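K.L.:
Attaching a single structure in C-alpha cells format; questions to follow.
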Amino acid sequence: MHALRQIPPRRPIRVSTLSVAIVGRTLLAVLAFSFLTFQVLAQEARPAGASLRLRGDVTARGDVLTLGDLVEGASAETAQRPLFRAPALGATGTIQARRIADAMAGLGLGPVETGGRVQVSVQRAARRVTQPEIEAALKRALESGYGVDPRNLAIRLDGESPTLLAPLDLNGQAVALDLSYDPRSRRIAGLITLGERQASLRVSGQVMEIREVAVLGRSLNRGETINAADLTLERRPREATPSDAQGSLGDLAGQVAQRSLGAGAILRSGDLAPPDLVARGEAVTILFDSPGLNLSLRGLANEGGRLGAMITVTNPVSKKILSATVIGPGRVSVGPAPLVRQASAALDGPALQR
C-alpha cells in the first residue's frame, strides 16, 4: 500500500489596505488614457473641411474651376465639384478667398486654411498660334491653291502680332482656309483654324519676295580685313535690299574693306576687295617671260595693288618706269612689248639674270 502524502497546511491570505498615493496614481493614469482616447476620437470626428488648404496662384486648363483646382486636401469626390468659371483663354483673373470659403460652406464643407491669402490669381492656359505658324499655314495654302513656290517668300501680317488663342487640346497643325491672293498687289487674306474650326482667326497681309544677303556683324574701318566670324547670311525683302548686294558669303572672308562699314550693313559690290599683294614702296621681283627669253630683276613698286591689278614699277638702276601686273605677293609681270623697249637699260642692272 502507498503511504498517503500529507497535505501541507494552507497559508493565510494577506490583505493590505490601499494607500492614498496608490489611488492617486491610478486615477491619473485613467485620466491620461481617457484624454488621449478623446483626442484620437476628436481627430477622427473632425470635419473633412478643417484640413483643406487654399492653393496659391493656379493655372486653369478648362472652362471651369473645380474645388480641387483651388483647394488642397479635398477628397477625390469633392475635388471634382465645380465652383467658378475660368477666365478667357490666355487671360488672368482673381478670386477672393472669402468667395471660395462661402462656396465651400454652401457645399456643406468646413473652413479652409487660407495661409494669409486674401485672393487667388488664376491664369487660363492656352495654345498660342503666333506669326511663324500663321505664315507657314498661309504659305502652304499659297503653294497648293496658287502654285506659288513659298521658299523665297515672306508674309508681313497686318496689325500688331496677331495671335490665335486655342484650348490646349487643339494641338494639330494650323490650317489656312478661305484663302484669297492677288498676284499683282501681292495682298493675301485667309482664315487660320485649328481642329474643325474650333478656334479660328482671320488674318491679312502682304506677300514679299525674299533674297539672301551677306550682312556685316561688326564695324570695319577702311583697310581692315574681314573674318568669317564677321559675316552672316540673312533673308531680307528683295525691295529693301540694294540690287548689287552680295548674295553669298563665298570668298568674302580675308578681303579688305574699301571704306568704313557699320555693323549690320548689307555688303555691296565694291565694299570689299582682295588684299593688296604688293604695297607702295615695296621691293618687288619683276618677271619677263616670252618665247626664248626669261628675265627677272628687282624693282620698286610705285603703288600698291591686289592680284591682277596693273601698277607701275621702277627699275632702280635705269630709273625706267614699267607697267606691270601683280601676279603674287611681291611679284609682278611685264609683257614683251614694254620690256623690249627697256631691254638695253635693263641689261645694265646687276640683278638681271638669264
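Here, A, B, ... name the chains of the C-alpha cells in the order displayed, residue numbers run from 1 inside each chain, and ligands are numbered from 1 in the same displayed order.
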Within 12 Å of stretch 236-252 of chain A, counting only C-alpha atoms, which residues qualify if same-chain residues fewer than 6 places away don't, as a PyMOL selection string?

P.N.:
chain A and resi 152-156+206-216+225-230+265-275

K.L.:
Generate the output file for the selected residues, N, CA, C and O atoms, as a short mmCIF file (atom, residue, chain, number, x, y, z; two decimals), in the first residue's frame.

P.N.:
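Saved to out_26.cif:
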data_model
loop_
_atom_site.label_atom_id
_atom_site.label_comp_id
_atom_site.auth_asym_id
_atom_site.auth_seq_id
_atom_site.Cartn_x
_atom_site.Cartn_y
_atom_site.Cartn_z
N ASN A 152 11.06 81.34 -101.28
CA ASN A 152 11.66 82.68 -101.29
C ASN A 152 10.61 83.76 -101.03
O ASN A 152 10.70 84.86 -101.57
N LEU A 153 9.62 83.42 -100.20
CA LEU A 153 8.57 84.37 -99.86
C LEU A 153 8.49 84.57 -98.36
O LEU A 153 8.81 83.67 -97.58
N ALA A 154 8.07 85.75 -97.96
CA ALA A 154 7.73 86.04 -96.57
C ALA A 154 6.41 86.79 -96.57
O ALA A 154 6.04 87.42 -97.57
N ILE A 155 5.69 86.72 -95.46
CA ILE A 155 4.39 87.37 -95.36
C ILE A 155 4.41 88.33 -94.17
O ILE A 155 4.69 87.91 -93.04
N ARG A 156 4.13 89.59 -94.45
CA ARG A 156 4.05 90.60 -93.40
C ARG A 156 2.57 90.78 -93.06
O ARG A 156 1.80 91.32 -93.84
N GLN A 206 0.75 91.17 -96.53
CA GLN A 206 1.45 91.45 -97.79
C GLN A 206 2.49 90.37 -98.02
O GLN A 206 3.30 90.08 -97.14
N VAL A 207 2.47 89.78 -99.22
CA VAL A 207 3.48 88.78 -99.59
C VAL A 207 4.69 89.51 -100.15
O VAL A 207 4.56 90.38 -101.02
N MET A 208 5.87 89.15 -99.66
CA MET A 208 7.10 89.80 -100.10
C MET A 208 8.08 88.76 -100.63
O MET A 208 8.18 87.65 -100.07
N GLU A 209 8.80 89.13 -101.69
CA GLU A 209 9.86 88.26 -102.20
C GLU A 209 11.10 88.45 -101.34
O GLU A 209 11.46 89.57 -100.98
N ILE A 210 11.75 87.35 -101.05
CA ILE A 210 12.90 87.35 -100.14
C ILE A 210 14.16 86.95 -100.90
O ILE A 210 14.12 86.12 -101.81
N ARG A 211 15.27 87.54 -100.52
CA ARG A 211 16.57 87.11 -101.06
C ARG A 211 17.57 87.04 -99.92
O ARG A 211 17.41 87.70 -98.89
N GLU A 212 18.59 86.24 -100.12
CA GLU A 212 19.65 86.12 -99.11
C GLU A 212 20.73 87.14 -99.40
O GLU A 212 21.16 87.31 -100.56
N VAL A 213 21.19 87.82 -98.34
CA VAL A 213 22.23 88.83 -98.49
C VAL A 213 23.27 88.65 -97.38
O VAL A 213 22.96 88.15 -96.29
N ALA A 214 24.50 89.05 -97.68
CA ALA A 214 25.58 89.00 -96.69
C ALA A 214 25.50 90.25 -95.82
O ALA A 214 25.44 91.37 -96.33
N VAL A 215 25.50 90.04 -94.50
CA VAL A 215 25.38 91.14 -93.55
C VAL A 215 26.62 91.16 -92.66
O VAL A 215 27.08 90.11 -92.20
N LEU A 216 27.12 92.36 -92.41
CA LEU A 216 28.32 92.54 -91.59
C LEU A 216 27.94 92.54 -90.11
O LEU A 216 27.02 93.25 -89.69
N THR A 225 40.80 93.96 -92.53
CA THR A 225 40.47 92.65 -93.11
C THR A 225 39.25 92.06 -92.41
O THR A 225 39.13 92.12 -91.19
N ILE A 226 38.37 91.47 -93.20
CA ILE A 226 37.16 90.87 -92.65
C ILE A 226 37.39 89.38 -92.40
O ILE A 226 38.09 88.70 -93.17
N ASN A 227 36.80 88.86 -91.30
CA ASN A 227 36.92 87.45 -90.95
C ASN A 227 35.59 86.74 -91.19
O ASN A 227 34.54 87.37 -91.28
N ALA A 228 35.66 85.40 -91.26
CA ALA A 228 34.44 84.62 -91.49
C ALA A 228 33.43 84.85 -90.36
O ALA A 228 32.22 84.85 -90.59
N ALA A 229 33.91 85.04 -89.13
CA ALA A 229 33.01 85.25 -88.00
C ALA A 229 32.28 86.58 -88.08
O ALA A 229 31.29 86.79 -87.36
N ASP A 230 32.74 87.51 -88.93
CA ASP A 230 32.11 88.82 -89.06
C ASP A 230 30.92 88.80 -90.02
O ASP A 230 30.22 89.81 -90.15
N ALA A 265 25.43 96.32 -91.72
CA ALA A 265 25.34 96.78 -93.11
C ALA A 265 25.24 95.59 -94.06
O ALA A 265 25.87 94.55 -93.86
N ILE A 266 24.42 95.75 -95.11
CA ILE A 266 24.37 94.76 -96.19
C ILE A 266 25.54 95.03 -97.11
O ILE A 266 25.72 96.14 -97.61
N LEU A 267 26.37 94.02 -97.33
CA LEU A 267 27.56 94.20 -98.15
C LEU A 267 27.20 94.29 -99.63
O LEU A 267 26.44 93.46 -100.13
N ARG A 268 27.76 95.30 -100.28
CA ARG A 268 27.51 95.53 -101.69
C ARG A 268 28.79 95.33 -102.48
O ARG A 268 29.89 95.29 -101.92
N SER A 269 28.62 95.21 -103.79
CA SER A 269 29.79 95.09 -104.65
C SER A 269 30.66 96.34 -104.49
O SER A 269 30.15 97.46 -104.52
N GLY A 270 31.94 96.16 -104.30
CA GLY A 270 32.85 97.28 -104.11
C GLY A 270 33.12 97.61 -102.65
O GLY A 270 34.05 98.37 -102.37
N ASP A 271 32.32 97.05 -101.72
CA ASP A 271 32.60 97.30 -100.30
C ASP A 271 33.87 96.59 -99.85
O ASP A 271 34.58 97.08 -98.97
N LEU A 272 34.10 95.43 -100.43
CA LEU A 272 35.27 94.63 -100.07
C LEU A 272 36.08 94.34 -101.32
O LEU A 272 35.55 94.32 -102.43
N ALA A 273 37.34 94.10 -101.13
CA ALA A 273 38.22 93.73 -102.23
C ALA A 273 39.34 92.86 -101.68
O ALA A 273 39.67 92.95 -100.48
N PRO A 274 39.91 92.00 -102.53
CA PRO A 274 41.03 91.18 -102.05
C PRO A 274 42.16 92.07 -101.54
O PRO A 274 42.33 93.21 -102.00
N PRO A 275 42.95 91.61 -100.62
CA PRO A 275 44.05 92.43 -100.08
C PRO A 275 45.14 92.67 -101.12
O PRO A 275 45.32 91.88 -102.05
#

K.L.:
Just want the 12 Å neighbourhood of stretch 283-287 of chain A, counted on only C-alpha atoms, with same-chain residues fewer than 3 positions away dropped. Output as a VMD selection string.

P.N.:
chain A and resid 277 to 280 290 293 to 305 311 to 316 321 to 336 338 to 339 346 351 to 354

K.L.:
Which of stretch 11-249 of chain A end up as alpha helix (DSSP H) when DSSP is run on this backbone - answer as a PyMOL selection string?

P.N.:
chain A and resi 20-45+67-70+97-106+131-146

K.L.:
Tell me, in Å to one decimal, how far atom CA of A:Arg197 is from atom CA of A:Pro82.

P.N.:
27.5 Å

K.L.:
Tell me which protein, DNA and RNA residues are within 8 Å of A:Gly205, counting only C-alpha atoms, leaving out same-chain ones fewer than 3 positions away, and put them as a list in words.

P.N.:
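Using only C-alpha atoms, the neighbours found are Ile155, Arg156, Leu157, Asp158, Arg187, Ile188 and Ala189 of chain A.
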
K.L.:
May I have all residues of stretch 66-235 of chain A that DSSP, computed from the backbone, assigns to strand (DSSP E), given as an NGL selection string?

P.N.:
:A and (66 or 71-72 or 82-85 or 92-96 or 112-113 or 119-124 or 127-129 or 153-157 or 164-166 or 175-182 or 187-194 or 199-216 or 231-235)

K.L.:
When you draw a straight line from atom CA of A:Asp169 to atom CA of A:Arg53, how long is it in Å?

P.N.:
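Result for atom CA of A:Asp169 versus atom CA of A:Arg53: 29.3 Å, one decimal.
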